[in-house]
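Participant: Next comes protein_20.cif, mmCIF, C-alpha atoms and all ligand atoms:
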data_data
#
loop_
_atom_site.label_atom_id
_atom_site.label_comp_id
_atom_site.auth_asym_id
_atom_site.auth_seq_id
_atom_site.Cartn_x
_atom_site.Cartn_y
_atom_site.Cartn_z
CA MET D 61 131.90 134.89 101.31
CA THR D 62 128.30 135.03 100.16
CA LYS D 63 128.13 135.52 96.43
CA TYR D 64 124.99 136.63 94.69
CA GLY D 65 123.71 135.92 91.21
CA ARG D 66 120.65 137.23 89.46
CA THR D 67 117.66 138.85 91.09
CA LEU D 68 114.64 137.29 89.45
CA GLN D 69 112.23 139.56 87.64
CA ILE D 70 108.51 139.60 88.22
CA GLY D 71 106.30 139.23 85.16
CA PRO D 72 104.47 142.56 84.71
CA THR D 73 100.73 142.34 85.55
CA ASP D 74 101.19 138.73 86.61
CA LEU D 75 99.71 138.39 90.10
CA THR D 76 100.97 134.85 90.60
CA SER D 77 104.46 135.94 89.64
CA GLU D 78 104.22 138.76 92.18
CA LYS D 79 103.34 136.25 94.91
CA ARG D 80 105.80 133.52 93.97
CA THR D 81 108.98 135.25 92.79
CA PRO D 82 111.79 135.38 95.38
CA ARG D 83 112.89 138.95 96.12
CA HIS D 84 116.29 138.11 97.55
CA PRO D 85 119.07 137.73 94.97
CA LEU D 86 119.82 134.12 94.11
CA HIS D 87 122.91 132.63 95.77
CA LEU D 88 125.75 131.48 93.58
CA ILE D 89 126.58 127.79 93.87
CA PRO D 90 130.16 127.05 94.97
CA GLU D 91 132.09 124.82 92.59
CA ALA D 92 132.17 121.90 95.05
CA ALA D 93 128.38 121.73 95.02
CA ARG D 94 127.80 122.44 91.33
CA ALA D 95 127.33 118.90 89.99
CA SER D 96 124.87 117.97 92.72
CA PHE D 97 122.38 120.49 91.34
CA VAL D 98 121.89 118.58 88.09
CA PRO D 99 119.26 115.86 88.43
CA TYR D 100 119.67 112.90 86.15
CA ALA D 101 116.25 111.65 85.11
CA PRO D 102 116.38 107.93 84.36
CA TYR D 103 115.56 107.00 80.76
CA ASP D 104 112.72 104.65 81.59
CA PHE D 105 110.15 106.32 79.39
CA SER D 106 107.70 104.58 77.16
CA VAL D 107 104.84 106.11 75.20
CA LEU D 108 102.35 104.98 72.58
CA GLY D 109 102.79 106.34 69.06
CA SER D 110 99.19 107.56 69.16
CA GLU D 111 99.99 109.91 72.05
CA ALA D 112 101.57 112.24 69.48
CA ASP D 113 98.19 112.72 67.77
CA MET D 114 96.33 115.25 69.92
CA THR D 115 93.69 115.85 67.27
CA ARG D 116 91.75 112.80 68.50
CA LEU D 117 91.37 110.93 71.77
CA THR D 118 92.45 107.55 70.41
CA PRO D 119 93.00 106.14 66.92
CA GLY D 120 89.72 105.88 65.03
CA ARG D 121 87.87 108.43 67.16
CA PRO D 122 86.48 111.62 65.59
CA GLN D 123 88.78 114.62 65.39
CA ALA D 124 88.53 117.64 67.69
CA ASP D 125 87.17 121.04 66.60
CA GLY D 126 89.61 123.48 65.03
CA ASP D 127 92.52 123.70 62.62
CA TYR D 128 94.90 120.75 62.65
CA ILE D 129 98.55 121.68 62.84
CA LYS D 130 101.73 119.64 62.79
CA ILE D 131 104.60 120.68 65.04
CA THR D 132 108.06 119.40 64.16
CA GLY D 133 111.48 120.23 65.47
CA LYS D 134 114.86 119.14 66.64
CA ILE D 135 116.14 119.23 70.20
CA THR D 136 119.85 120.00 70.58
CA ASP D 137 122.31 121.43 73.02
CA GLN D 138 123.87 124.81 72.27
CA TYR D 139 126.57 123.15 70.16
CA GLY D 140 123.96 121.59 67.89
CA ARG D 141 124.35 118.08 69.24
CA PRO D 142 121.06 116.17 69.30
CA ILE D 143 119.38 115.44 72.60
CA LYS D 144 117.98 112.00 72.00
CA ASN D 145 115.58 109.75 73.89
CA SER D 146 114.21 112.63 75.91
CA MET D 147 110.61 112.71 77.06
CA ILE D 148 108.64 115.55 75.49
CA GLU D 149 105.34 116.39 77.13
CA VAL D 150 103.04 118.94 75.48
CA TRP D 151 99.74 120.49 76.47
CA ASN D 152 97.56 123.18 74.98
CA ALA D 153 94.09 124.74 75.21
CA ASN D 154 91.41 123.64 72.75
CA LYS D 155 90.09 125.74 69.88
CA TYR D 156 88.02 127.77 72.34
CA GLY D 157 90.89 128.55 74.72
CA ARG D 158 89.84 125.98 77.34
CA TYR D 159 92.13 123.45 78.98
CA THR D 160 90.79 120.05 79.93
CA HIS D 161 92.59 120.53 83.25
CA ILE D 162 90.31 120.08 86.27
CA GLU D 163 91.54 123.42 87.65
CA ASP D 164 90.59 125.47 84.56
CA PHE D 165 87.58 127.35 85.91
CA SER D 166 87.18 129.69 82.90
CA GLY D 167 83.90 128.15 81.84
CA LEU D 168 84.96 128.34 78.18
CA GLN D 169 83.63 125.70 75.80
CA LEU D 170 84.91 122.15 76.22
CA ASP D 171 85.40 119.80 73.28
CA PRO D 172 84.53 116.15 73.99
CA ASN D 173 87.01 115.02 71.34
CA PHE D 174 90.04 116.84 72.72
CA LEU D 175 92.31 115.57 75.52
CA GLY D 176 94.81 118.40 75.31
CA THR D 177 97.98 116.52 76.26
CA GLY D 178 100.48 114.51 74.24
CA ARG D 179 103.82 112.80 74.70
CA MET D 180 106.65 111.61 72.51
CA ILE D 181 110.32 110.66 72.73
CA SER D 182 112.96 112.44 70.67
CA ASP D 183 114.65 110.16 68.12
CA ASP D 184 118.39 109.53 67.66
CA ASP D 185 118.77 112.82 65.80
CA GLY D 186 116.83 114.76 68.45
CA ASN D 187 113.77 115.10 66.21
CA TYR D 188 110.18 115.10 67.39
CA GLU D 189 106.77 115.53 65.79
CA PHE D 190 103.19 115.82 67.02
CA TRP D 191 99.79 116.92 65.79
CA THR D 192 97.35 119.11 67.64
CA VAL D 193 94.68 121.75 67.08
CA ARG D 194 95.63 125.40 66.93
CA PRO D 195 94.94 126.58 70.48
CA GLY D 196 92.61 129.46 71.20
CA GLN D 197 93.59 132.53 73.16
CA TYR D 198 92.21 132.83 76.64
CA LEU D 199 91.59 135.60 79.10
CA ALA D 200 94.04 134.97 81.94
CA LEU D 201 93.07 137.95 84.07
CA PRO D 202 89.55 139.20 83.33
CA ASP D 203 89.77 142.18 85.71
CA ILE D 204 92.58 143.79 83.72
CA SER D 205 91.55 142.13 80.42
CA ARG D 206 94.93 140.49 79.98
CA TRP D 207 94.84 137.71 77.42
CA ARG D 208 97.28 134.91 76.96
CA PRO D 209 98.39 134.66 73.33
CA LYS D 210 98.07 131.35 71.50
CA HIS D 211 100.73 129.01 72.88
CA ILE D 212 101.66 125.38 73.35
CA HIS D 213 103.38 124.23 76.56
CA PHE D 214 106.45 121.96 76.42
CA SER D 215 108.29 119.99 79.09
CA ILE D 216 111.49 118.20 78.06
CA ARG D 217 113.24 115.79 80.38
CA GLY D 218 115.81 113.07 80.02
CA GLY D 219 119.25 112.53 81.43
CA SER D 220 120.46 115.88 82.69
CA SER D 221 118.44 117.91 80.18
CA ARG D 222 115.53 119.80 81.61
CA LEU D 223 113.46 122.56 80.09
CA ILE D 224 109.96 123.87 80.53
CA THR D 225 108.94 126.31 77.85
CA GLN D 226 106.17 127.45 75.50
CA MET D 227 105.90 127.82 71.74
CA TYR D 228 104.22 131.00 70.54
CA PHE D 229 102.73 132.05 67.18
CA LYS D 230 104.01 134.97 65.14
CA ASN D 231 101.84 138.10 64.96
CA ASP D 232 99.48 137.11 67.74
CA PRO D 233 98.14 140.50 68.91
CA HIS D 234 98.44 139.42 72.55
CA ASN D 235 102.13 138.48 72.35
CA ASP D 236 103.42 141.92 73.28
CA ARG D 237 101.52 142.18 76.56
CA ASP D 238 102.36 138.73 77.82
CA PRO D 239 104.33 139.00 81.09
CA MET D 240 106.76 136.15 80.48
CA ARG D 241 107.24 137.16 76.87
CA ILE D 242 108.19 140.65 78.08
CA LEU D 243 110.86 139.10 80.31
CA MET D 244 112.30 137.26 77.28
CA GLY D 245 112.99 140.53 75.49
CA ASP D 246 114.53 140.24 72.03
CA ASN D 247 115.23 136.56 72.53
CA PHE D 248 111.45 135.92 72.23
CA GLU D 249 112.17 135.06 68.58
CA GLN D 250 113.55 131.68 69.74
CA ASN D 251 110.14 130.69 71.09
CA ILE D 252 108.11 131.32 67.93
CA GLY D 253 107.17 128.33 65.78
CA LYS D 254 108.19 128.92 62.14
CA GLN D 255 105.18 128.32 59.92
CA TYR D 256 105.46 126.13 56.79
CA ASP D 257 103.04 124.83 54.19
CA ILE D 258 101.87 121.24 54.11
CA GLU D 259 100.47 119.67 50.91
CA GLY D 260 96.96 118.23 51.01
CA ASP D 261 94.10 119.04 53.35
CA GLU D 262 95.02 116.93 56.37
CA PHE D 263 96.72 119.89 58.07
CA ASP D 264 96.16 123.61 58.00
CA CYS D 265 99.92 124.10 58.16
CA GLY D 266 103.04 123.03 60.01
CA TYR D 267 105.27 124.80 62.51
CA LYS D 268 108.95 124.11 62.98
CA PHE D 269 110.04 124.62 66.56
CA ASP D 270 113.67 123.75 67.19
CA ILE D 271 114.59 123.66 70.84
CA VAL D 272 118.06 124.45 72.14
CA ILE D 273 118.69 123.38 75.73
CA GLY D 274 121.72 124.73 77.53
CA GLY D 275 122.95 127.25 80.01
CA ARG D 276 121.22 126.50 83.27
CA ASN D 277 119.46 123.52 81.75
CA PRO D 278 122.65 121.58 81.38
CA THR D 279 123.33 118.61 79.25
CA PHE D 280 126.91 118.17 80.37
CA PHE D 281 126.69 114.54 81.37
CA GLU D 282 125.58 113.70 77.86
CA ASN D 283 128.54 115.53 76.38
CA ASP D 284 130.60 112.41 76.97
CA LEU D 285 128.06 110.11 75.36
CA THR D 286 128.03 109.37 71.67
CA MET U 89 139.96 129.01 70.35
CA PRO U 90 139.39 132.13 72.49
CA HIS U 91 136.38 131.94 74.74
CA SER U 92 134.59 134.79 72.98
CA ASP U 93 134.75 133.03 69.57
CA ARG U 94 133.32 129.88 71.03
CA LYS U 95 130.37 131.82 72.35
CA ILE U 96 129.56 133.30 68.94
CA ASN U 97 129.31 129.85 67.41
CA GLN U 98 126.82 128.63 69.94
CA LEU U 99 123.14 128.37 69.07
CA LYS U 100 120.74 130.76 70.74
CA LEU U 101 118.95 129.06 73.60
CA THR U 102 115.24 128.51 73.73
CA ASN U 103 113.89 130.66 76.57
CA GLU U 104 112.54 128.83 79.52
CA ASP U 105 109.01 129.83 80.37
CA THR U 106 106.59 129.48 83.23
CA LEU U 107 104.88 126.14 83.80
CA GLY U 108 101.48 127.83 83.85
CA PRO U 109 98.65 126.59 86.04
CA TYR U 110 97.59 123.66 83.86
CA TYR U 111 100.42 121.12 83.82
CA PRO U 112 98.51 117.90 83.07
CA ILE U 113 98.12 115.93 86.28
CA SER U 114 97.79 112.67 84.35
CA LEU U 115 101.37 113.03 83.06
CA CYS U 116 102.53 112.40 86.65
CA ASP U 117 100.43 109.25 87.10
CA ASN U 118 103.40 106.95 86.79
CA ASP U 119 105.68 109.09 88.89
CA ASN U 120 106.46 108.07 92.33
CA MET U 121 107.01 109.96 95.55
CA ASN U 122 108.43 106.81 97.09
CA MET U 123 112.09 106.62 96.05
CA ILE U 124 112.51 103.38 97.96
CA LYS U 125 110.27 101.45 95.60
CA ILE U 126 110.92 102.20 91.94
CA HIS U 127 108.59 99.40 90.86
CA SER U 128 105.45 98.39 92.69
CA GLY U 129 104.94 94.77 93.64
CA ILE U 130 108.64 93.92 93.61
CA VAL U 131 110.62 92.55 96.54
CA HIS U 132 113.71 94.68 95.88
CA LYS U 133 113.98 98.10 97.37
CA ALA U 134 116.57 100.76 98.05
CA THR U 135 118.96 100.16 100.94
CA GLY U 136 119.47 102.69 103.68
CA GLU U 137 117.52 104.35 106.46
CA LYS U 138 113.92 104.95 105.42
CA ILE U 139 112.71 108.50 106.08
CA ILE U 140 109.62 110.53 105.29
CA ILE U 141 109.70 114.22 104.45
CA LYS U 142 106.52 116.23 104.78
CA GLY U 143 106.68 119.73 103.43
CA CYS U 144 104.78 122.58 101.94
CA ILE U 145 105.41 125.38 99.47
CA LYS U 146 104.10 128.82 100.43
CA ASP U 147 103.84 132.11 98.57
CA LYS U 148 104.61 135.67 99.70
CA ASN U 149 101.38 135.90 101.68
CA GLY U 150 101.96 132.63 103.50
CA SER U 151 99.30 130.84 101.46
CA LEU U 152 99.99 127.37 100.11
CA ALA U 153 101.28 127.52 96.54
CA HIS U 154 98.95 125.17 94.67
CA GLY U 155 99.77 123.56 91.35
CA CYS U 156 103.58 123.35 91.70
CA LEU U 157 105.58 120.68 89.93
CA LEU U 158 108.26 119.45 92.33
CA GLU U 159 111.34 117.43 91.43
CA PHE U 160 113.68 115.79 93.94
CA TRP U 161 117.22 114.55 93.42
CA GLN U 162 119.53 112.97 95.95
CA ALA U 163 122.48 110.66 96.53
CA ASN U 164 122.11 107.10 97.85
CA GLU U 165 123.05 105.91 101.33
CA HIS U 166 126.74 106.11 100.38
CA GLY U 167 126.46 109.66 99.10
CA ILE U 168 126.71 108.56 95.44
CA TYR U 169 124.49 110.13 92.79
CA ARG U 170 123.06 107.92 90.05
CA SER U 171 124.70 109.77 87.17
CA PRO U 172 126.30 108.07 84.15
CA ASP U 173 129.77 108.81 85.55
CA GLU U 174 129.03 106.52 88.48
CA GLU U 175 127.42 103.56 86.69
CA ASN U 176 130.49 101.38 87.39
CA ASN U 177 130.81 102.45 91.00
CA ASP U 178 130.17 99.40 93.21
CA LYS U 179 128.45 101.65 95.72
CA ILE U 180 125.62 102.29 93.24
CA ASP U 181 122.34 100.87 94.50
CA PRO U 182 120.60 99.25 91.51
CA TRP U 183 117.23 99.78 93.21
CA PHE U 184 117.63 103.49 93.78
CA THR U 185 117.53 106.28 91.18
CA GLY U 186 117.43 109.26 93.55
CA TYR U 187 114.88 111.00 91.34
CA ALA U 188 111.22 111.71 92.08
CA ARG U 189 108.65 114.22 90.93
CA HIS U 190 105.16 115.24 91.85
CA ARG U 191 102.58 117.84 90.92
CA THR U 192 101.13 119.08 94.17
CA MET U 193 97.50 120.07 93.98
CA ASP U 194 97.38 122.09 97.22
CA GLY U 195 101.05 122.96 97.90
CA ASN U 196 101.77 120.11 100.33
CA PHE U 197 104.03 117.17 99.54
CA LYS U 198 105.18 113.93 101.12
CA LEU U 199 108.35 112.18 99.99
CA THR U 200 109.33 108.72 101.16
CA THR U 201 113.00 108.00 100.58
CA ILE U 202 116.23 106.92 102.23
CA LYS U 203 118.50 109.29 104.07
CA PRO U 204 121.33 110.28 101.71
CA GLY U 205 124.83 109.50 102.93
CA VAL U 206 128.16 111.32 102.85
CA ASN U 207 130.73 110.56 100.16
CA ASN U 208 134.00 110.93 102.06
CA ASP U 209 136.04 110.22 98.91
CA LEU U 210 135.37 113.77 97.77
CA ASP U 211 137.87 116.55 98.50
CA MET U 212 135.03 118.56 99.96
CA PRO U 213 132.40 116.07 101.16
CA ARG U 214 128.82 117.26 101.07
CA ALA U 215 126.50 117.01 104.03
CA PRO U 216 123.46 114.80 103.34
CA ASN U 217 121.07 116.85 101.21
CA ILE U 218 118.20 116.66 98.78
CA THR U 219 117.96 118.95 95.74
CA LEU U 220 114.51 120.44 95.24
CA THR U 221 113.40 121.97 91.95
CA ILE U 222 110.16 123.94 91.81
CA PHE U 223 108.25 124.78 88.64
CA SER U 224 104.99 126.71 88.89
CA ASP U 225 102.85 129.36 87.32
CA GLY U 226 104.40 132.83 87.38
CA ILE U 227 108.01 131.75 87.81
CA MET U 228 110.86 130.07 85.99
CA ARG U 229 112.54 127.12 87.67
CA LEU U 230 113.66 127.61 91.28
CA VAL U 231 116.29 125.36 92.85
CA THR U 232 117.56 124.80 96.35
CA GLN U 233 118.98 122.05 98.57
CA LEU U 234 117.55 120.75 101.83
CA PHE U 235 119.74 119.56 104.71
CA PHE U 236 119.18 117.58 107.91
CA ASP U 237 119.07 119.52 111.14
CA GLY U 238 121.76 118.56 113.65
CA GLU U 239 124.02 116.82 111.16
CA GLU U 240 127.68 117.30 112.07
CA SER U 241 128.72 117.52 108.42
CA ASN U 242 126.50 120.60 107.98
CA GLU U 243 129.27 122.57 109.70
CA THR U 244 131.65 121.93 106.80
CA ASP U 245 129.25 121.74 103.84
CA PRO U 246 130.50 124.10 101.11
CA LEU U 247 126.98 125.12 100.04
CA LEU U 248 125.63 125.81 103.53
CA LEU U 249 128.79 127.75 104.39
CA SER U 250 128.37 129.87 101.27
CA ILE U 251 125.14 131.49 102.49
CA PRO U 252 124.68 133.86 105.46
CA LYS U 253 124.46 132.01 108.76
CA GLU U 254 120.99 133.27 109.66
CA MET U 255 119.58 131.85 106.43
CA ARG U 256 120.96 128.33 106.85
CA LYS U 257 118.22 127.18 109.20
CA ARG U 258 115.64 127.81 106.49
CA LEU U 259 117.12 124.88 104.57
CA LEU U 260 117.01 122.44 107.47
CA LEU U 261 114.70 119.45 107.56
CA LYS U 262 113.57 119.04 111.16
CA ALA U 263 112.85 115.62 112.65
CA MET U 264 109.42 116.09 114.22
CA THR U 265 107.64 112.78 114.73
CA ARG U 266 107.81 109.09 113.98
CA ALA U 267 105.52 106.99 111.86
CA ASP U 268 103.98 103.83 113.35
CA ASP U 269 106.82 101.72 112.00
CA GLY U 270 109.42 103.99 113.63
CA THR U 271 110.31 105.91 110.47
CA THR U 272 111.47 109.45 111.24
CA ILE U 273 109.25 112.12 109.72
CA TYR U 274 110.96 115.38 108.80
CA ASN U 275 109.23 118.70 108.19
CA ILE U 276 110.12 121.69 106.06
CA GLU U 277 108.36 124.84 104.93
CA ILE U 278 109.52 126.42 101.67
CA ASN U 279 108.74 130.11 101.31
CA MET U 280 108.99 131.24 97.72
CA SER U 281 108.94 134.88 98.74
CA GLY U 282 108.36 137.17 101.69
CA GLU U 283 109.41 136.85 105.31
CA ASN U 284 111.68 133.85 105.90
CA GLU U 285 112.17 133.52 102.15
CA THR U 286 113.94 130.26 101.41
CA PRO U 287 117.43 130.76 99.94
CA PHE U 288 117.38 129.77 96.26
CA PHE U 289 120.42 129.23 94.07
CA ASP U 290 121.48 130.56 90.70
CA ASP U 291 122.25 127.60 88.50
CA LEU U 292 122.62 129.89 85.48
CA LEU U 293 125.59 131.97 86.59
CA SER U 294 127.20 129.58 89.01
FE FE Z 1 98.71 127.99 78.94
#
Represent the structure of the file as structure tokens.

Facilitator:
Amino acid sequence: MTKYGRTLQIGPTDLTSEKRTPRHPLHLIPEAARASFVPYAPYDFSVLGSEADMTRLTPGRPQADGDYIKITGKITDQYGRPIKNSMIEVWNANKYGRYTHIEDFSGLQLDPNFLGTGRMISDDDGNYEFWTVRPGQYLALPDISRWRPKHIHFSIRGGSSRLITQMYFKNDPHNDRDPMRILMGDNFEQNIGKQYDIEGDEFDCGYKFDIVIGGRNPTFFENDLT
Amino acid sequence: MPHSDRKINQLKLTNEDTLGPYYPISLCDNDNMNMIKIHSGIVHKATGEKIIIKGCIKDKNGSLAHGCLLEFWQANEHGIYRSPDEENNDKIDPWFTGYARHRTMDGNFKLTTIKPGVNNDLDMPRAPNITLTIFSDGIMRLVTQLFFDGEESNETDPLLLSIPKEMRKRLLLKAMTRADDGTTIYNIEINMSGENETPFFDDLLS
């Protein structure tokens, strides 16, 4: 009667993962309960256009330290259909690897011109764009000198779509030892921003990061919408 | 088209990843752990029996799991979820979305809501329940559903019946006390791992 699904894997060398990962196999959801597991976030989002510019606190303020990069991409389901009007929240460390978060106790250098969070809404074609500084690496576990590679955090929410993920950078020397990256295996490729050149000196470069939401992060209610 | 062909044509999914410890608290400023009032300062509110749920999230060692992002999802007093399929249902409560989220600093949470009802129009009616999603550092998304202790419909709920009997009580909200205004306060302890580990569900393979 009881049916089991996956047993979750613990991220290697990740102490928090060791403490927080359930050991018991996950229980499969019976068909009659399936739909109830898909929250439908109301589309009542509003953001300011300037929230997509993380290189400065507010329009007209000086820019933060570091290289300015533009991240662009398209959010779709696994059939390539755009996921529109979803709320995209992003956060990353500053040039020195420090988060502005009140619980970042690393002591790394703060930058008074960097907030470290941004928000935007995907357009009718599922596209999004924001500007930030290239994040620094940071030492996540000093005792075993495990670094986190450069990365930008993403949360996407809207309707029945839900995904929390991170964008990584190609050839970062710390990528291969990252616990969650190890769990991704060969599919890690999907989480690397594809670098492209940008004319002029406003940006160091751009990264294209297309996001495909599906599987357990369902979008099935939207399938009926046009 | 055979199932296997369809699979080949699908795009590769972006991997989900851990939330990390630094989800910006300010991004939750406008979120609300009171599902009864979706707007502040407005007369209208959700209909149904007001309840309060006080809970905590603990790790393998029994310590509070700080920094979790919690998301709640439930049906209204008639057992109807606010999904697009139901927008024309006259049992939809316009002042109730059934959705709340919260980043807990210390691992404790308090949700004010209405008690979800039972939708008897379904072939297999569900017992009143609240879906809980947990994001945190070190894990991918965890999901489970919380039920109300002593509810007769628990005996026939397809999800509760699908897990071993001895585990069911770990999903039960227990009525412990009452607030000054008479509101019932329920308690629950979620154990991410270890002894009394909370049953979690696989929404990937199911
Ligand atoms: Fe991070």

Participant: If we count only C-alpha atoms and set the cut-off at 9 Å, which residues sit around Gly109 in chain D, ignoring sequence neighbours fewer than 2 positions away in its own chain? Please answer as a short mmCIF file (atom, residue, chain, number, x, y, z; two decimals) with C-alpha atoms, keeping the file's coordinate frame.

Facilitator:
data_model
loop_
_atom_site.label_atom_id
_atom_site.label_comp_id
_atom_site.auth_asym_id
_atom_site.auth_seq_id
_atom_site.Cartn_x
_atom_site.Cartn_y
_atom_site.Cartn_z
CA VAL D 107 104.84 106.11 75.20
CA GLU D 111 99.99 109.91 72.05
CA ALA D 112 101.57 112.24 69.48
CA ASP D 113 98.19 112.72 67.77
CA ARG D 179 103.82 112.80 74.70
CA MET D 180 106.65 111.61 72.51
#

Participant: Show me which residues sit within 12 Å of ligand FE 1 (chain Z) when counting only C-alpha atoms and all ligand atoms, and put them as a PyMOL selection string.

Facilitator: (chain D and resi 150-154+157-161+164+176-177+195-200+207-214+225-228+238+240) or (chain U and resi 105-112+224-226)

Participant: CA of Gly126 in chain D to CA of Lys155 in chain D: how many Å, to one decimal?

Facilitator: 5.4 Å

Participant: Quick check, in Å to one decimal: how far apart do CA of Ile113 in chain U and CA of Phe105 in chain D lie?

Facilitator: 16.9 Å

Participant: Rank U:Glu243, U:Glu165, U:Asp211, U:Glu174 by their smallest atom-to-atom distance to Ile139 in chain U, using all atoms listed in the file, and report the top residue only.

Facilitator: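 Counting all atoms listed in the file, the residue closest to Ile139 in chain U is U:Glu165.
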
Participant: For a quick test of understanding: name the residues of chain U lying within 7 Å of chain D when counting all atoms listed in the file, and present them as a PyMOL selection string.

Facilitator: chain U and resi 98-107+110+112+147-148+161+171+187+212+219+225-227+246-247+250-252+280-281+288-294

Participant: Please save C-alpha atoms of the selected residues as a JSON list (two decimals), in the frame of the given file.

Facilitator:
[["chain", "number", "residue", "atom", "x", "y", "z"],
["U", 98, "GLN", "CA", 126.82, 128.63, 69.94],
["U", 99, "LEU", "CA", 123.14, 128.37, 69.07],
["U", 100, "LYS", "CA", 120.74, 130.76, 70.74],
["U", 101, "LEU", "CA", 118.95, 129.06, 73.60],
["U", 102, "THR", "CA", 115.24, 128.51, 73.73],
["U", 103, "ASN", "CA", 113.89, 130.66, 76.57],
["U", 104, "GLU", "CA", 112.54, 128.83, 79.52],
["U", 105, "ASP", "CA", 109.01, 129.83, 80.37],
["U", 106, "THR", "CA", 106.59, 129.48, 83.23],
["U", 107, "LEU", "CA", 104.88, 126.14, 83.80],
["U", 110, "TYR", "CA", 97.59, 123.66, 83.86],
["U", 112, "PRO", "CA", 98.51, 117.90, 83.07],
["U", 147, "ASP", "CA", 103.84, 132.11, 98.57],
["U", 148, "LYS", "CA", 104.61, 135.67, 99.70],
["U", 161, "TRP", "CA", 117.22, 114.55, 93.42],
["U", 171, "SER", "CA", 124.70, 109.77, 87.17],
["U", 187, "TYR", "CA", 114.88, 111.00, 91.34],
["U", 212, "MET", "CA", 135.03, 118.56, 99.96],
["U", 219, "THR", "CA", 117.96, 118.95, 95.74],
["U", 225, "ASP", "CA", 102.85, 129.36, 87.32],
["U", 226, "GLY", "CA", 104.40, 132.83, 87.38],
["U", 227, "ILE", "CA", 108.01, 131.75, 87.81],
["U", 246, "PRO", "CA", 130.50, 124.10, 101.11],
["U", 247, "LEU", "CA", 126.98, 125.12, 100.04],
["U", 250, "SER", "CA", 128.37, 129.87, 101.27],
["U", 251, "ILE", "CA", 125.14, 131.49, 102.49],
["U", 252, "PRO", "CA", 124.68, 133.86, 105.46],
["U", 280, "MET", "CA", 108.99, 131.24, 97.72],
["U", 281, "SER", "CA", 108.94, 134.88, 98.74],
["U", 288, "PHE", "CA", 117.38, 129.77, 96.26],
["U", 289, "PHE", "CA", 120.42, 129.23, 94.07],
["U", 290, "ASP", "CA", 121.48, 130.56, 90.70],
["U", 291, "ASP", "CA", 122.25, 127.60, 88.50],
["U", 292, "LEU", "CA", 122.62, 129.89, 85.48],
["U", 293, "LEU", "CA", 125.59, 131.97, 86.59],
["U", 294, "SER", "CA", 127.20, 129.58, 89.01]]

Participant: Between CA of Gly186 in chain U and CA of Ile218 in chain U, what is the distance, to one decimal in Å?

Facilitator: 9.1 Å

Participant: Nearest to Gly195 in chain U among U:Leu152, U:Ile278, U:Ala163, U:Ala267, with distances taken over only C-alpha atoms: which residue is it?

Facilitator: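 Nearest to Gly195 in chain U: U:Leu152.
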
Participant: With a distance cut-off of 7 Å and only C-alpha atoms, select the neighbouring residues of Met264 in chain U, excluding the residue or stretch itself and same-chain residues fewer than 4 positions from it, and output the selection as a PyMOL selection string.

Facilitator: chain U and resi 273-275

Participant: Using all atoms listed in the file, determine which residues lie at most 7 Å from Ile131 in chain D, disregarding the query and same-chain residues fewer than 2 positions distant; provide the list as a PyMOL selection string.

Facilitator: chain D and resi 129+133+189-191+266-269

Participant: Determine, counting only C-alpha atoms, which protein, DNA and RNA residues have an atom within 10 Å of an atom of Asp125 in chain D; residues of the same chain fewer than 6 positions away are not included. Present the result as a VMD selection string.

Facilitator: chain D and resid 115 to 116 154 to 156 170 to 174 193 to 194

Participant: As a list in words, please: the residues near Asp117 in chain U (cut-off 12 Å, all atoms listed in the file, same-chain neighbours under 6 positions excluded).

Facilitator: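 Final neighbour list, sorted by chain and number: Arg189, His190 and Arg191 of chain U.
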
Participant: Based on the selection just made, write C-alpha atoms of those residues as a PDB file, keeping the file's coordinate frame.

Facilitator:
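Okay, this is what ended up in out13.pdb:
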ATOM      1  CA  ARG U 189     108.650 114.220  90.930  1.00  0.00           C
ATOM      2  CA  HIS U 190     105.160 115.240  91.850  1.00  0.00           C
ATOM      3  CA  ARG U 191     102.580 117.840  90.920  1.00  0.00           C
TER       4      ARG U 191
END

Participant: Choose the residue, out of U:Thr135, U:Thr271, U:Asn176, U:Asn120, that has the smallest atom-to-atom separation from Phe197 in chain U; count all atoms listed in the file.

Facilitator: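 Under the stated criterion, the closest residue is U:Asn120.
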
Participant: Let me have the centre and edge lengths in Å, one decimal, of the box along x, y and z around every listed atom of range 234-248 of chain U with 5 Å of margin on each side, as JSON.

Facilitator:
{"center_x": 124.6, "center_y": 121.3, "center_z": 106.8, "size_x": 24.1, "size_y": 19.0, "size_z": 23.6}

Participant: May I ask which of the residues U:Phe160, U:Phe223, U:Phe236, U:Trp183 is the closest one to Val131 in chain U, counting all atoms listed in the file?

Facilitator: U:Trp183
